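One structure is given below, encoded as C-alpha cells.
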There are 2 protein chains.
Amino acid sequence: MLNKIAKTVRGLAADAVEDASSGHPGLPIGCADIGAVLYGEVMNYDPQKTDWANRDRFVLSAGHGSMLQYAYQHLAGFDLSIDDLKSFRQLGSKTPGHPEYGWTPGVETTTGPLGQGFANAVGMALAEEIKAAKFNTEDHKIVDHYTYSLAGDGCMMEGVTSEAASLAGHLGLGKLIVIYDDNDISIAGNTDLTFTEDVAARFKAYNWQVIENVDGHDAEEIKAAINKAKAVGDKPSLIMAKTKIACGAPTKEGTAASHGAPLGQAEVDGLKENIGLPVDEKYYIPGEVKKYFAEHQAKLKTKRLKWESEFSGWAAANPELKKAWDKAENQLLPEGLKSSLKNLKIKAPASTRDVSGAVLKEMADQIDYLLGGSADLAPSNRSYLDKYAEIQKDNYNGRNLRFGVREHAMGAIVNGISLYGGFRPYCATFLVFSDYMKPAIRMAALMKQPVIYIFTHDSIYIGEDGPTHQPVEHLEALRIIPGLKVLRPADEEETKAAWLEALENKSGPTALILTRQGLDHLDKENDFWTGVKKGGYTVLSTQAEKYDYTFLASGSEVSLAVETANKLIEEEKKDVRVISVPDRKTLAEQKDFVNKLTANSKKTVVIEAGIGNGWYKLLKGDCELITVEDYGESGPGQEIAEEKGFSVDKIIEKISK
Amino acid sequence: MLNKIAKTVRGLAADAVEDASSGHPGLPIGCADIGAVLYGEVMNYDPQKTDWANRDRFVLSAGHGSMLQYAYQHLAGFDLSIDDLKSFRQLGSKTPGHPEYGWTPGVETTTGPLGQGFANAVGMALAEEIKAAKFNTEDHKIVDHYTYSLAGDGCMMEGVTSEAASLAGHLGLGKLIVIYDDNDISIAGNTDLTFTEDVAARFKAYNWQVIENVDGHDAEEIKAAINKAKAVGDKPSLIMAKTKIACGAPTKEGTAASHGAPLGQAEVDGLKENIGLPVDEKYYIPGEVKKYFAEHQAKLKTKRLKWESEFSGWAAANPELKKAWDKAENQLLPEGLKSSLKNLKIKAPASTRDVSGAVLKEMADQIDYLLGGSADLAPSNRSYLDKYAEIQKDNYNGRNLRFGVREHAMGAIVNGISLYGGFRPYCATFLVFSDYMKPAIRMAALMKQPVIYIFTHDSIYIGEDGPTHQPVEHLEALRIIPGLKVLRPADEEETKAAWLEALENKSGPTALILTRQGLDHLDKENDFWTGVKKGGYTVLSTQAEKYDYTFLASGSEVSLAVETANKLIEEEKKDVRVISVPDRKTLAEQKDFVNKLTANSKKTVVIEAGIGNGWYKLLKGDCELITVEDYGESGPGQEIAEEKGFSVDKIIEKISK
C-alpha cells in the first residue's frame, strides 16, 4: 500500500508542477516513498487538530520540494483540497512555492532558504526535551514524540546545518530524526562536482547516530531505519536514504534537469506509464489510497484522544504544572509586569547591556517559560540567568542555553523553539554579528515569531576591537527587515520600557540594541513608558514657540544630544528640544505625531552612531546628520567617537554653520 | 632558541594588552610556540618586501589574538616598531585590536569575525593552485609556497569554516596548512560546555589530512607536524595543536578569564617570573632574540632574491606568460573595453541576468584573470563560462569555480582569492541569499577588495518561489554597507554599463543587482554610459519648465516608470520626467546633481520593488513612494507586482490623489 501511495504522490507532484509551469518535481517524486512511510505509517499527527501539543513534528528542510508535503497533507486529511493542489504556486493559494508557516495548515515552519529547516528541527527537538523535563511526571509522559526532518544535499552543504548539527549532537537530542535525501543531485549538476565529503563520517563526528545505505525507495528499509533511530535515545539520528531524483521519469530520473523545473508533459506521461498511473488522468488518486488514509486518520485521531485523556489525568494530578503549562502555551505575561519593572532598582550610570541583564533576570523570575542564551558571549551580553540551571545533555530542565560560536544556528534554533510552542526564547550576540544570523532573523520576522534578540556592543563606542566589531550599518539593516521591532534605549529607564515592549510584542521578533559603555540617567520631561511605546518622545525642551534646534537621537547618543542642547541653551540662549527615538520604525509610522514632535524648528539634527540613510524619512527642511558613514577604527571608544564628530563642541560647530 | 623567542613574545603580548587595558592575552601567550616555529623557522617571507608574490601567506583566523602576529612581525623585522606595540589598540596606531589588511604591513587579511580568516586562507590556497597551474612551467616553478592559518575553537564552530573546509577538501588544496589552537577554552568557558564534536573526525570526513595530538608548546613536534602536512600534496592539513591558553600565567593559565581581558599586573608579573623574563622590564627583548631574527631576516632575503632570479629566468623564457602575469598582478583592463561592450549585440527584451551572462562571457575572453562561480545556482545566475575549463582537484587551470550551496564560504573565499593577488574574482547567487554571505561582503568592503557579486532574482517579480526567495530589504541592506558599490541596471544597455563600472571599480567590491524577468529596451534621451557612472540620469522627459511628476526608479521598475509616464503624457497631457537610478549611492553623493535632476517638479515619485526607506535622502517636497514594505508572496511575478501596486494604473491612481 505504501508503494501505491508513493506512486499516487509522484503523479500529484508531477501534475501540479506541470500545471504551475514552475516548481521542483525532482524531490517530491524522489522522496515519495519516504513521505509514504512518514505520513502513512510512522508519524503521529491529527490533521484536524494541527496544534496538538504532542504531535510529531515534520520539517521539510528542502523546502523547494513543497509538493511532497502538500500532496501528503492532502491525502492525510489536512485542510488542503485537491483544488489547492491544482493551484500550486498561484497567488493567494494555500500551496505556495515553498512551505509557509501560518499559511498552510500543518506546515510547522517556513522553509526554502537551505539549512534553516534543519536548524529549526534541532530547535523543536530541543524544545521537546526541555518541555518533557519540565512537565513529564513519573505517572504521565505527556510530552513524548519525535521531530522528523527531510533534508537534501543543499541543506547538508550549508554552514547553518553544520552548526546546528554539532550542537544537536552535543545536546544528545535523541528524538530528532533527520532523513537525508542523498540523491547526488543539486541544481547545478551532480554533487560530485562540489560535494565529496563523507557526510556519514561528519555526522558521526558530531555525535550523531548515522544509519547508512538505506534504500530510499524501499518502505521496509526506511521503516527499519526509523526504528533504529528511535532505539538510540541519547543521539540524534541521520538516516542516509539513497534516492533517485525524479525516480521513474523516463529520461530525467537521476538528473539535475528534474531538480527545479517542470518535467514537461511527455516526461510526465512517461513517468505515469512507468509507474502504472493512468496517463490521461490528472491528479489521480486511487480509491484504495483514499480509503487507506481515511482509516489511518481515524487511527491517528484515536491516538490523539488517548493522549488527551492522558493529559487530563496529568492535569488533574498536577494542578501547578497545569497552570504553568497553560501560561506557557498561551504566552501569558504576569500581571503587573510594568510595576515590577518600575520597582526594579538600577543605579545609573549603567550600560544598557547591564540594565538589560538585570531586567532579564527579573523577568526570568516572573516568566518561567522565558529561556535562551548567547553565541559564546554570555558574559559580554549579560544574558546568563545565574539562578537557573543550564540546559545540557544530562539535564534538560534548565533555562540557560549555550549556543557556542554558532550565531546562525542560534537564530534558526530559537525559531524552532518558538515555533514548537510553550517557550519565549531569547538569544544574544554582538550587534555586528547579527550579520551572521540575518537569514534566521528574517525567517523569524516572516513567520511572526516573538523571538527576542539581545544585541550588545552597538556602535563605534565599543572602541578597541576596531572596525570588524563596530557595527555601522547594522542598526539600519535590522530596521529595514519587515516585521522586526528594533529598540535602542537611551538609559536605564528606557531599557526597562524596551524590555516591556519586547515582551508584549507577541506578533513578531524584537531586537534590543544595547551599549557596552555606561550611560547617564536622563531626566525626562515626558513619560518614557509611553515614549518607548510610541517610538519617540520629547525628553527635554525649552518650551518655545519656535525652536532653533530639534535633536533626534537614539540610544547612547541621546545623552550627547542632551548635553549639546544644554550647552546651546545655557551658553547661546537657544531654544532647543531633544527627542529620544528608541523605536524609529514605529515612530515613522505615525506621520502626524512625527510632525508634531518636530514642528516649528529652524533646524533638525539627527545624532546616531550609525549609517544615517533611514532618518531622512522623518526630516523636513533644514537638517543635519551626525552619523557614521564609514567604518570605525580601533582605539578607546570615546576617542573614536570624538574623531567621528560625536562631541558637544564638534556638533555645535557643525550645526551652527 | 625558538623557546626563548616564544617566551619573549609572551612577555610582549602580556605587556601590550596590559598597557592597552583591553585585548586578548590568552591566545598570543598560548600560541607563542607555534608563532616561533612559523616566523622563526618555517615560513618564507621578506619583511621588507611584503608584496613578494611567492611569500607564504599567514592568516590569523583567530584575529582577537592579534598581539601574536604583531609581536612576531616586530621581531621578524616588519615595519612595526616597539612603539607600535606599545600603542596597541590606540587610535591611529598600527596595532589595532584585530589585524587589519592595508593598515599594518604584513597583515594578509582582516580578521576578527570568526571563521572569515579560515575561509580567506582557503581562497588564498586555491588562488595559489590556480596561479601555479596557469604560470608554472616545467623549468620554472615560480608559484610554490604555503598558506598557513591559525584558527581557534571559535573558528571551528562557525558554519563558514565548515563550508570552506568541505570545499577545500573537495578541491584537494594540499598547500593549505591550518593549525588549530585546540585549547578547550572560549570566551564563555570551557568548550566542553558546547563543543564536544570530534573535530579530527570531522575534518577527515572533509578529506583533510588531520595531524592529531601535537603538543602546541613543543617546537619540534610542531615542526614535525608541518613537515607531515607538507608531505601530503593533495589534501589540506589540519594540525591539532594542544595548547594551554595563557600558558605560564600563575592562576589564569587554562582558564576563560585569560581569553578576552588583560591578565592584571600581578598575573603578568607572575607569568614573567614563571617563564624567566625580567619582571621589572616591560617589552623585554633579549639581545640574542634580536640577533637571531636579524640573521633569519637575511636568510629570508636571500631566499627571496633567489626567487627573483628564478622569476627573471621564467620571464625571459616565457614572455607571453610574463605579459599575462603583469596584467593580472596589476589588474590591467584591456584597452577599448567600452567599445567592445558597445559592439556586443544583445537582443531586447532580455532579463538583465541574461545580459549579464553574455557580458561576462565577453569580458572573460578579454580579461584572462577574471574568474569565479556560483553557489550552486550557475544556471540561474548565468555565471558559468562555457568556453573555459572548470577548476577541480585534477585541473586547477580553469576559470569556473563551483562553490556548492555554500554562500558564506563563497564570499569569504573570493575575498581570499582577491587578496592573494593576480585575479579578479566574481561570485553569484540569488539576491535574497546575499544575507547568507553578508559578513563576507562586509569584509570585502572593509578591505576594499574589488570582488564582483552577481545577484540575480532581484525582487518580488521572481514570483512563484514566494517570500523566502523574494528579496525585499536586500537591495537597501547592500546599499548601506560602506564601500560597497551597488548597481541595478534597467535594461540591456545599462547592464553593459554596469559591468563596465564594476570592472573599473578597483577600490572596492561591486554588487550587480539583476532581474530574472525580461526587460524591454529603453529609449534614452541621455547617454547611459555617463548616466550609470554618475548613478542617475534622465531617460525621458517632456522638456518642461515645470514638471507635474518626476519619477525616480531603478532596475526593472524604470520600464514601469516610463510606461506610466507615457500614459500621463499622452492621456493626461502631463509634464513628466523619468530618471533612471542604477547607482543610488553614487547619485546621492552629488547633491547639486540630484537637485538639478529633480528640480521644478510638483511631485516626485519613487518606484522600486523593495523597501523605500533609503530614498528619502533624495526627496524634497511632495513625494510618493511605490515600494515594497512587507514580504512578497508566491504566485506569478506580474500578478504579485500588480497586487503590490506595481502597475501603470495603480501608480497613476496613487499619485493623482
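Each chain in the C-alpha cells gets a letter, A, B, ..., in the order shown, and its residues are numbered from 1; ligands are numbered from 1 in order too.
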
Residue contacts of A:Ile413 (8 Å, only C-alpha atoms) excluding same-chain residues fewer than 5 positions away, as number ranges by chain: A: 119-124, 164

Within 8 Å of stretch 626-638 of chain B, counting only C-alpha atoms, which residues qualify if same-chain residues fewer than 6 places away don't, as a tab-separated table (two decimals) with C-alpha atoms, in the first residue's frame?
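Final output, saved to part-v9.tsv:
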```tsv
chain	number	residue	atom	x	y	z
A	89	ARG	CA	2.24	28.32	-6.73
A	90	GLN	CA	-0.65	30.60	-7.65
A	91	LEU	CA	-1.32	33.91	-5.98
A	92	GLY	CA	-3.30	33.50	-2.78
A	96	PRO	CA	2.91	28.43	-2.22
A	97	GLY	CA	6.25	27.63	-3.85
A	446	LEU	CA	8.43	36.35	8.13
A	482	PRO	CA	9.77	43.95	7.63
A	483	GLY	CA	8.12	42.83	10.85
B	460	ILE	CA	9.08	40.13	-5.90
B	461	TYR	CA	8.97	39.82	-9.69
B	462	ILE	CA	10.61	36.42	-9.38
B	463	GLY	CA	7.17	35.19	-8.49
B	464	GLU	CA	6.32	31.62	-7.61
B	465	ASP	CA	9.17	30.83	-5.24
B	466	GLY	CA	7.47	33.12	-2.75
B	467	PRO	CA	8.58	35.32	0.13
B	470	GLN	CA	11.86	37.34	-2.91
B	472	VAL	CA	12.59	42.98	-0.15
B	605	VAL	CA	7.60	59.56	-7.29
B	606	VAL	CA	9.94	56.72	-6.45
B	607	ILE	CA	9.25	53.31	-7.97
B	608	GLU	CA	11.37	50.47	-6.68
B	609	ALA	CA	10.33	46.95	-5.78
B	610	GLY	CA	11.96	46.97	-2.35
B	611	ILE	CA	11.99	48.78	0.99
B	612	GLY	CA	11.76	52.51	0.30
B	644	LYS	CA	1.64	45.32	-4.55
B	645	GLY	CA	0.74	48.37	-6.60
B	646	PHE	CA	3.24	47.98	-9.42
B	651	ILE	CA	0.52	54.08	-9.75
```

Could you give me, as a count of residues only, the residues within 7 Å of stretch 175-185 of chain A, counting only C-alpha atoms and dropping anything in the same chain fewer than 2 positions from it? 29

Non-local contacts of B:Phe403 (7 Å; only C-alpha atoms; under 6 positions in same chain excluded) as a ChimeraX atom specification: /A:194 /B:373-376,410

Just the residues within 7 Å of B:Glu310, please, counting only C-alpha atoms, with nothing from its chain fewer than 3 positions along; format it as a short mmCIF file (atom, residue, chain, number, x, y, z; two decimals) with N, CA, C and O atoms, in the first residue's frame.
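Contents of part_15.cif, as written:
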```
data_model
loop_
_atom_site.label_atom_id
_atom_site.label_comp_id
_atom_site.auth_asym_id
_atom_site.auth_seq_id
_atom_site.Cartn_x
_atom_site.Cartn_y
_atom_site.Cartn_z
N HIS B 140 60.41 26.21 -14.60
CA HIS B 140 60.35 27.25 -13.56
C HIS B 140 59.06 27.14 -12.75
O HIS B 140 57.97 27.33 -13.28
N ILE B 142 57.50 29.15 -10.39
CA ILE B 142 57.56 30.46 -9.72
C ILE B 142 56.48 30.65 -8.67
O ILE B 142 56.58 31.52 -7.82
N LYS B 306 66.72 34.82 -4.49
CA LYS B 306 66.87 33.62 -5.33
C LYS B 306 65.60 33.45 -6.18
O LYS B 306 65.66 33.13 -7.37
N TRP B 307 64.47 33.65 -5.53
CA TRP B 307 63.20 33.55 -6.27
C TRP B 307 63.13 34.61 -7.37
O TRP B 307 62.72 34.32 -8.49
N GLY B 313 64.34 34.40 -14.88
CA GLY B 313 64.57 33.32 -15.84
C GLY B 313 63.27 32.90 -16.51
O GLY B 313 63.18 32.75 -17.74
N TRP B 314 62.26 32.73 -15.66
CA TRP B 314 60.94 32.36 -16.18
C TRP B 314 60.41 33.41 -17.14
O TRP B 314 59.92 33.10 -18.23
#
```

Polymer residues at most 10 Å from A:Lys141, only C-alpha atoms, same-chain spacing of 3 or more positions, as a list in words: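 In the requested form, the answer reads Ala132, Ala133, Phe135, Asn136, Thr137, Glu138, Asp144, Trp307, Glu310, Phe311 and Trp314 of chain A.
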
Give me a file of those residues, with C-alpha atoms, as a PDB file, in the first residue's frame.
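Result file is part13.pdb:
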```
ATOM      1  CA  ALA A 132       9.446  16.945  28.690  1.00  0.00           C
ATOM      2  CA  ALA A 133      11.885  17.582  31.517  1.00  0.00           C
ATOM      3  CA  PHE A 135       6.292  18.765  32.621  1.00  0.00           C
ATOM      4  CA  ASN A 136       6.505  14.996  32.414  1.00  0.00           C
ATOM      5  CA  THR A 137       5.971  13.136  35.661  1.00  0.00           C
ATOM      6  CA  GLU A 138       6.640   9.576  36.604  1.00  0.00           C
ATOM      7  CA  ASP A 144       6.816  12.325  24.077  1.00  0.00           C
ATOM      8  CA  TRP A 307      -3.265  11.455  24.667  1.00  0.00           C
ATOM      9  CA  GLU A 310      -3.596  11.069  29.498  1.00  0.00           C
ATOM     10  CA  PHE A 311      -3.193  14.820  29.545  1.00  0.00           C
ATOM     11  CA  TRP A 314      -1.787  14.602  34.268  1.00  0.00           C
TER      12      TRP A 314
END
```

If we count only C-alpha atoms, what is near stretch 498-502 of chain A at a cut-off of 10 Å, once residues fewer than 4 positions away on the same chain are taken out, given as a compact mmCIF listing (two decimals) with all heavy atoms, in the first residue's frame?
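Saved result, selection-v3.txt, follows:
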```txt
# COMPACT_ATOMS: atom_id res chain seq x y z
N LEU A 337 3.53 43.47 35.31
CA LEU A 337 4.90 43.40 34.80
C LEU A 337 5.54 44.78 34.85
O LEU A 337 6.69 44.95 35.27
CB LEU A 337 4.85 42.88 33.35
CG LEU A 337 6.08 42.19 32.81
CD1 LEU A 337 6.49 41.04 33.70
CD2 LEU A 337 5.81 41.67 31.40
N LYS A 338 4.76 45.76 34.41
CA LYS A 338 5.29 47.11 34.34
C LYS A 338 5.66 47.62 35.74
O LYS A 338 6.73 48.21 35.92
CB LYS A 338 4.25 48.03 33.69
CG LYS A 338 4.75 49.43 33.44
CD LYS A 338 3.77 50.19 32.57
CE LYS A 338 3.93 51.68 32.71
NZ LYS A 338 2.98 52.42 31.89
N LEU A 341 8.78 46.14 36.96
CA LEU A 341 9.93 46.77 36.30
C LEU A 341 10.20 48.15 36.89
O LEU A 341 11.35 48.53 37.11
CB LEU A 341 9.68 46.89 34.79
CG LEU A 341 9.90 45.60 33.99
CD1 LEU A 341 9.36 45.73 32.57
CD2 LEU A 341 11.39 45.26 33.95
N VAL A 355 21.84 46.96 32.30
CA VAL A 355 20.44 47.11 32.69
C VAL A 355 19.64 45.94 32.13
O VAL A 355 18.84 45.31 32.83
CB VAL A 355 19.86 48.44 32.17
CG1 VAL A 355 18.43 48.60 32.66
CG2 VAL A 355 20.73 49.62 32.60
N SER A 356 19.89 45.65 30.87
CA SER A 356 19.18 44.54 30.23
C SER A 356 19.40 43.24 31.01
O SER A 356 18.46 42.47 31.23
CB SER A 356 19.66 44.39 28.79
OG SER A 356 19.20 43.19 28.22
N VAL A 359 17.28 43.35 34.11
CA VAL A 359 15.86 43.20 33.77
C VAL A 359 15.57 41.76 33.37
O VAL A 359 14.58 41.16 33.82
CB VAL A 359 15.48 44.16 32.62
CG1 VAL A 359 14.08 43.86 32.12
CG2 VAL A 359 15.59 45.62 33.07
N LEU A 360 16.45 41.20 32.55
CA LEU A 360 16.25 39.82 32.10
C LEU A 360 16.14 38.87 33.28
O LEU A 360 15.27 37.99 33.32
CB LEU A 360 17.42 39.42 31.19
CG LEU A 360 17.47 37.97 30.71
CD1 LEU A 360 16.23 37.63 29.87
CD2 LEU A 360 18.73 37.70 29.89
N MET A 363 12.81 39.35 34.88
CA MET A 363 11.74 38.79 34.04
C MET A 363 11.75 37.27 34.09
O MET A 363 10.70 36.62 34.07
CB MET A 363 11.90 39.27 32.58
CG MET A 363 11.69 40.76 32.38
SD MET A 363 10.04 41.34 32.84
CE MET A 363 10.30 41.86 34.55
N PRO A 450 7.81 35.54 18.07
CA PRO A 450 8.20 36.57 19.04
C PRO A 450 9.52 36.29 19.75
O PRO A 450 9.61 36.30 20.98
CB PRO A 450 7.03 36.57 20.02
CG PRO A 450 6.49 35.19 19.96
CD PRO A 450 6.70 34.71 18.55
N VAL A 451 10.53 36.06 18.96
CA VAL A 451 11.87 35.84 19.48
C VAL A 451 12.46 37.18 19.93
O VAL A 451 12.16 38.20 19.33
CB VAL A 451 12.74 35.23 18.35
CG1 VAL A 451 14.20 35.25 18.70
CG2 VAL A 451 12.27 33.82 18.02
N ILE A 452 13.25 37.16 20.98
CA ILE A 452 13.90 38.40 21.43
C ILE A 452 15.41 38.31 21.19
O ILE A 452 16.05 37.34 21.59
CB ILE A 452 13.61 38.67 22.92
CG1 ILE A 452 12.10 38.86 23.11
CG2 ILE A 452 14.37 39.90 23.42
CD1 ILE A 452 11.67 38.95 24.57
N TYR A 453 15.95 39.30 20.50
CA TYR A 453 17.39 39.35 20.24
C TYR A 453 18.04 40.38 21.16
O TYR A 453 17.60 41.53 21.21
CB TYR A 453 17.67 39.75 18.78
CG TYR A 453 17.01 38.83 17.79
CD1 TYR A 453 15.90 39.26 17.05
CD2 TYR A 453 17.45 37.53 17.60
CE1 TYR A 453 15.27 38.42 16.15
CE2 TYR A 453 16.83 36.68 16.70
CZ TYR A 453 15.74 37.13 15.98
OH TYR A 453 15.11 36.29 15.09
N LYS A 485 10.79 44.36 15.17
CA LYS A 485 10.78 45.56 16.01
C LYS A 485 12.20 45.80 16.50
O LYS A 485 12.86 44.87 16.98
CB LYS A 485 9.84 45.31 17.20
CG LYS A 485 9.41 46.55 17.94
CD LYS A 485 8.41 46.17 19.04
CE LYS A 485 7.84 47.40 19.71
NZ LYS A 485 6.91 48.15 18.86
N VAL A 486 12.67 47.02 16.35
CA VAL A 486 14.04 47.34 16.74
C VAL A 486 14.03 48.45 17.79
O VAL A 486 13.54 49.54 17.53
CB VAL A 486 14.87 47.78 15.51
CG1 VAL A 486 16.31 48.10 15.92
CG2 VAL A 486 14.84 46.72 14.43
N LEU A 487 14.55 48.16 18.96
CA LEU A 487 14.51 49.13 20.07
C LEU A 487 15.92 49.46 20.54
O LEU A 487 16.70 48.57 20.84
CB LEU A 487 13.72 48.53 21.24
CG LEU A 487 12.25 48.21 20.96
CD1 LEU A 487 11.68 47.31 22.06
CD2 LEU A 487 11.44 49.51 20.88
N ARG A 488 16.22 50.73 20.58
CA ARG A 488 17.54 51.16 21.06
C ARG A 488 17.34 52.15 22.20
O ARG A 488 17.22 53.37 21.97
CB ARG A 488 18.34 51.79 19.92
CG ARG A 488 19.78 52.09 20.29
CD ARG A 488 20.62 52.47 19.08
NE ARG A 488 22.01 52.60 19.44
CZ ARG A 488 22.73 53.73 19.32
NH1 ARG A 488 22.19 54.83 18.82
NH2 ARG A 488 24.00 53.76 19.69
N PRO A 489 17.29 51.65 23.42
CA PRO A 489 17.01 52.52 24.57
C PRO A 489 18.20 53.40 24.94
O PRO A 489 19.35 53.06 24.68
CB PRO A 489 16.68 51.53 25.69
CG PRO A 489 17.39 50.27 25.31
CD PRO A 489 17.42 50.24 23.80
N ALA A 490 17.88 54.53 25.59
CA ALA A 490 18.88 55.56 25.84
C ALA A 490 19.42 55.59 27.26
O ALA A 490 20.45 56.21 27.52
CB ALA A 490 18.28 56.93 25.52
N GLU A 492 18.77 53.71 31.58
CA GLU A 492 18.26 52.55 32.33
C GLU A 492 16.74 52.49 32.31
O GLU A 492 16.16 51.40 32.25
CB GLU A 492 18.86 52.52 33.75
CG GLU A 492 18.18 53.37 34.81
CD GLU A 492 18.39 54.88 34.60
OE1 GLU A 492 19.12 55.29 33.68
OE2 GLU A 492 17.80 55.65 35.38
N GLU A 493 16.09 53.64 32.31
CA GLU A 493 14.63 53.62 32.29
C GLU A 493 14.09 53.16 30.94
O GLU A 493 13.20 52.32 30.88
CB GLU A 493 14.08 55.02 32.62
CG GLU A 493 14.29 55.39 34.08
CD GLU A 493 13.69 56.75 34.45
OE1 GLU A 493 13.63 57.64 33.55
OE2 GLU A 493 13.31 56.93 35.61
N GLU A 494 14.64 53.71 29.89
CA GLU A 494 14.18 53.28 28.56
C GLU A 494 14.47 51.79 28.33
O GLU A 494 13.73 51.11 27.62
CB GLU A 494 14.84 54.11 27.46
CG GLU A 494 14.23 55.49 27.26
CD GLU A 494 14.67 56.14 25.95
OE1 GLU A 494 15.24 55.44 25.09
OE2 GLU A 494 14.45 57.35 25.79
N LYS A 506 4.04 40.18 20.86
CA LYS A 506 3.94 38.74 20.59
C LYS A 506 3.69 38.44 19.12
O LYS A 506 3.52 37.29 18.74
CB LYS A 506 2.81 38.15 21.43
CG LYS A 506 3.07 38.24 22.93
CD LYS A 506 1.92 37.61 23.70
CE LYS A 506 1.98 38.01 25.17
NZ LYS A 506 0.78 37.58 25.88
N GLY A 508 5.72 39.22 16.59
CA GLY A 508 6.92 39.22 15.77
C GLY A 508 8.15 39.35 16.64
O GLY A 508 8.06 39.54 17.86
N PRO A 509 9.31 39.24 16.03
CA PRO A 509 10.55 39.33 16.79
C PRO A 509 10.91 40.77 17.17
O PRO A 509 10.46 41.72 16.54
CB PRO A 509 11.60 38.77 15.83
CG PRO A 509 11.03 39.01 14.47
CD PRO A 509 9.54 38.95 14.60
N THR A 510 11.70 40.88 18.23
CA THR A 510 12.16 42.19 18.69
C THR A 510 13.66 42.15 18.90
O THR A 510 14.19 41.21 19.49
CB THR A 510 11.50 42.56 20.04
OG1 THR A 510 10.09 42.51 19.90
CG2 THR A 510 11.93 43.95 20.50
N ALA A 511 14.34 43.17 18.40
CA ALA A 511 15.78 43.28 18.64
C ALA A 511 16.04 44.41 19.62
O ALA A 511 15.58 45.54 19.41
CB ALA A 511 16.51 43.55 17.33
N LEU A 512 16.76 44.10 20.69
CA LEU A 512 17.17 45.11 21.66
C LEU A 512 18.61 45.50 21.35
O LEU A 512 19.49 44.64 21.33
CB LEU A 512 17.05 44.56 23.07
CG LEU A 512 15.63 44.17 23.51
CD1 LEU A 512 15.67 43.34 24.78
CD2 LEU A 512 14.78 45.43 23.71
N ILE A 513 18.83 46.77 21.13
CA ILE A 513 20.14 47.25 20.72
C ILE A 513 20.77 47.96 21.91
O ILE A 513 20.27 49.00 22.34
CB ILE A 513 20.01 48.23 19.53
CG1 ILE A 513 19.08 47.66 18.44
CG2 ILE A 513 21.37 48.61 18.97
CD1 ILE A 513 19.57 46.41 17.77
N PHE A 528 8.44 58.10 29.86
CA PHE A 528 9.22 57.29 28.92
C PHE A 528 8.54 55.98 28.57
O PHE A 528 8.79 55.39 27.53
CB PHE A 528 10.63 57.03 29.46
CG PHE A 528 10.66 56.25 30.74
CD1 PHE A 528 10.72 54.87 30.72
CD2 PHE A 528 10.62 56.91 31.96
CE1 PHE A 528 10.75 54.15 31.91
CE2 PHE A 528 10.64 56.19 33.15
CZ PHE A 528 10.70 54.80 33.13
N TRP A 529 7.65 55.48 29.43
CA TRP A 529 6.95 54.23 29.08
C TRP A 529 6.14 54.44 27.83
O TRP A 529 6.22 53.66 26.88
CB TRP A 529 6.04 53.80 30.24
CG TRP A 529 6.77 53.50 31.51
CD1 TRP A 529 6.95 54.34 32.56
CD2 TRP A 529 7.45 52.28 31.85
NE1 TRP A 529 7.69 53.71 33.55
CE2 TRP A 529 8.01 52.44 33.14
CE3 TRP A 529 7.64 51.06 31.19
CZ2 TRP A 529 8.73 51.46 33.79
CZ3 TRP A 529 8.36 50.06 31.84
CH2 TRP A 529 8.90 50.26 33.12
N VAL A 532 8.54 55.13 24.76
CA VAL A 532 9.12 53.96 24.10
C VAL A 532 8.06 53.25 23.28
O VAL A 532 8.30 52.80 22.16
CB VAL A 532 9.77 53.02 25.14
CG1 VAL A 532 10.21 51.72 24.49
CG2 VAL A 532 10.96 53.71 25.81
N LYS A 533 6.87 53.17 23.82
CA LYS A 533 5.77 52.51 23.09
C LYS A 533 5.49 53.22 21.78
O LYS A 533 5.30 52.59 20.74
CB LYS A 533 4.53 52.46 23.96
CG LYS A 533 3.42 51.58 23.41
CD LYS A 533 2.28 51.38 24.38
CE LYS A 533 2.57 50.37 25.50
NZ LYS A 533 2.97 49.04 25.04
N GLY A 535 7.55 55.09 20.21
CA GLY A 535 8.75 55.11 19.37
C GLY A 535 9.60 56.34 19.55
O GLY A 535 10.78 56.34 19.20
N PRO A 582 13.68 55.72 20.58
CA PRO A 582 14.09 54.33 20.81
C PRO A 582 13.57 53.36 19.74
O PRO A 582 14.13 52.29 19.57
CB PRO A 582 13.48 54.00 22.18
CG PRO A 582 12.42 55.02 22.40
CD PRO A 582 12.85 56.24 21.67
N ASP A 583 12.52 53.74 19.04
CA ASP A 583 11.93 52.83 18.05
C ASP A 583 11.54 53.65 16.83
O ASP A 583 10.39 54.03 16.65
CB ASP A 583 10.70 52.13 18.67
CG ASP A 583 10.03 51.16 17.71
OD1 ASP A 583 10.45 51.06 16.54
OD2 ASP A 583 9.06 50.50 18.14
```

Go through B:Thr196, B:Thr251, B:Thr550, B:Gln297 one by one, measure the shortest atom-to-atom distance of each to B:Ala76 using only C-alpha atoms, and give the residue with the smallest value. B:Gln297

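Atom CA of B:Phe88 is found 9.1 Å from atom CA of B:Tyr70.
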
Could you go through stretch 308-450 of chain B and tell me which residues DSSP, when run on the backbone, assigns to alpha helix (DSSP H), listing them as an NGL selection string? :B and (308-317 or 319-329 or 337-343 or 352-366 or 378-381 or 407-420 or 438-446)
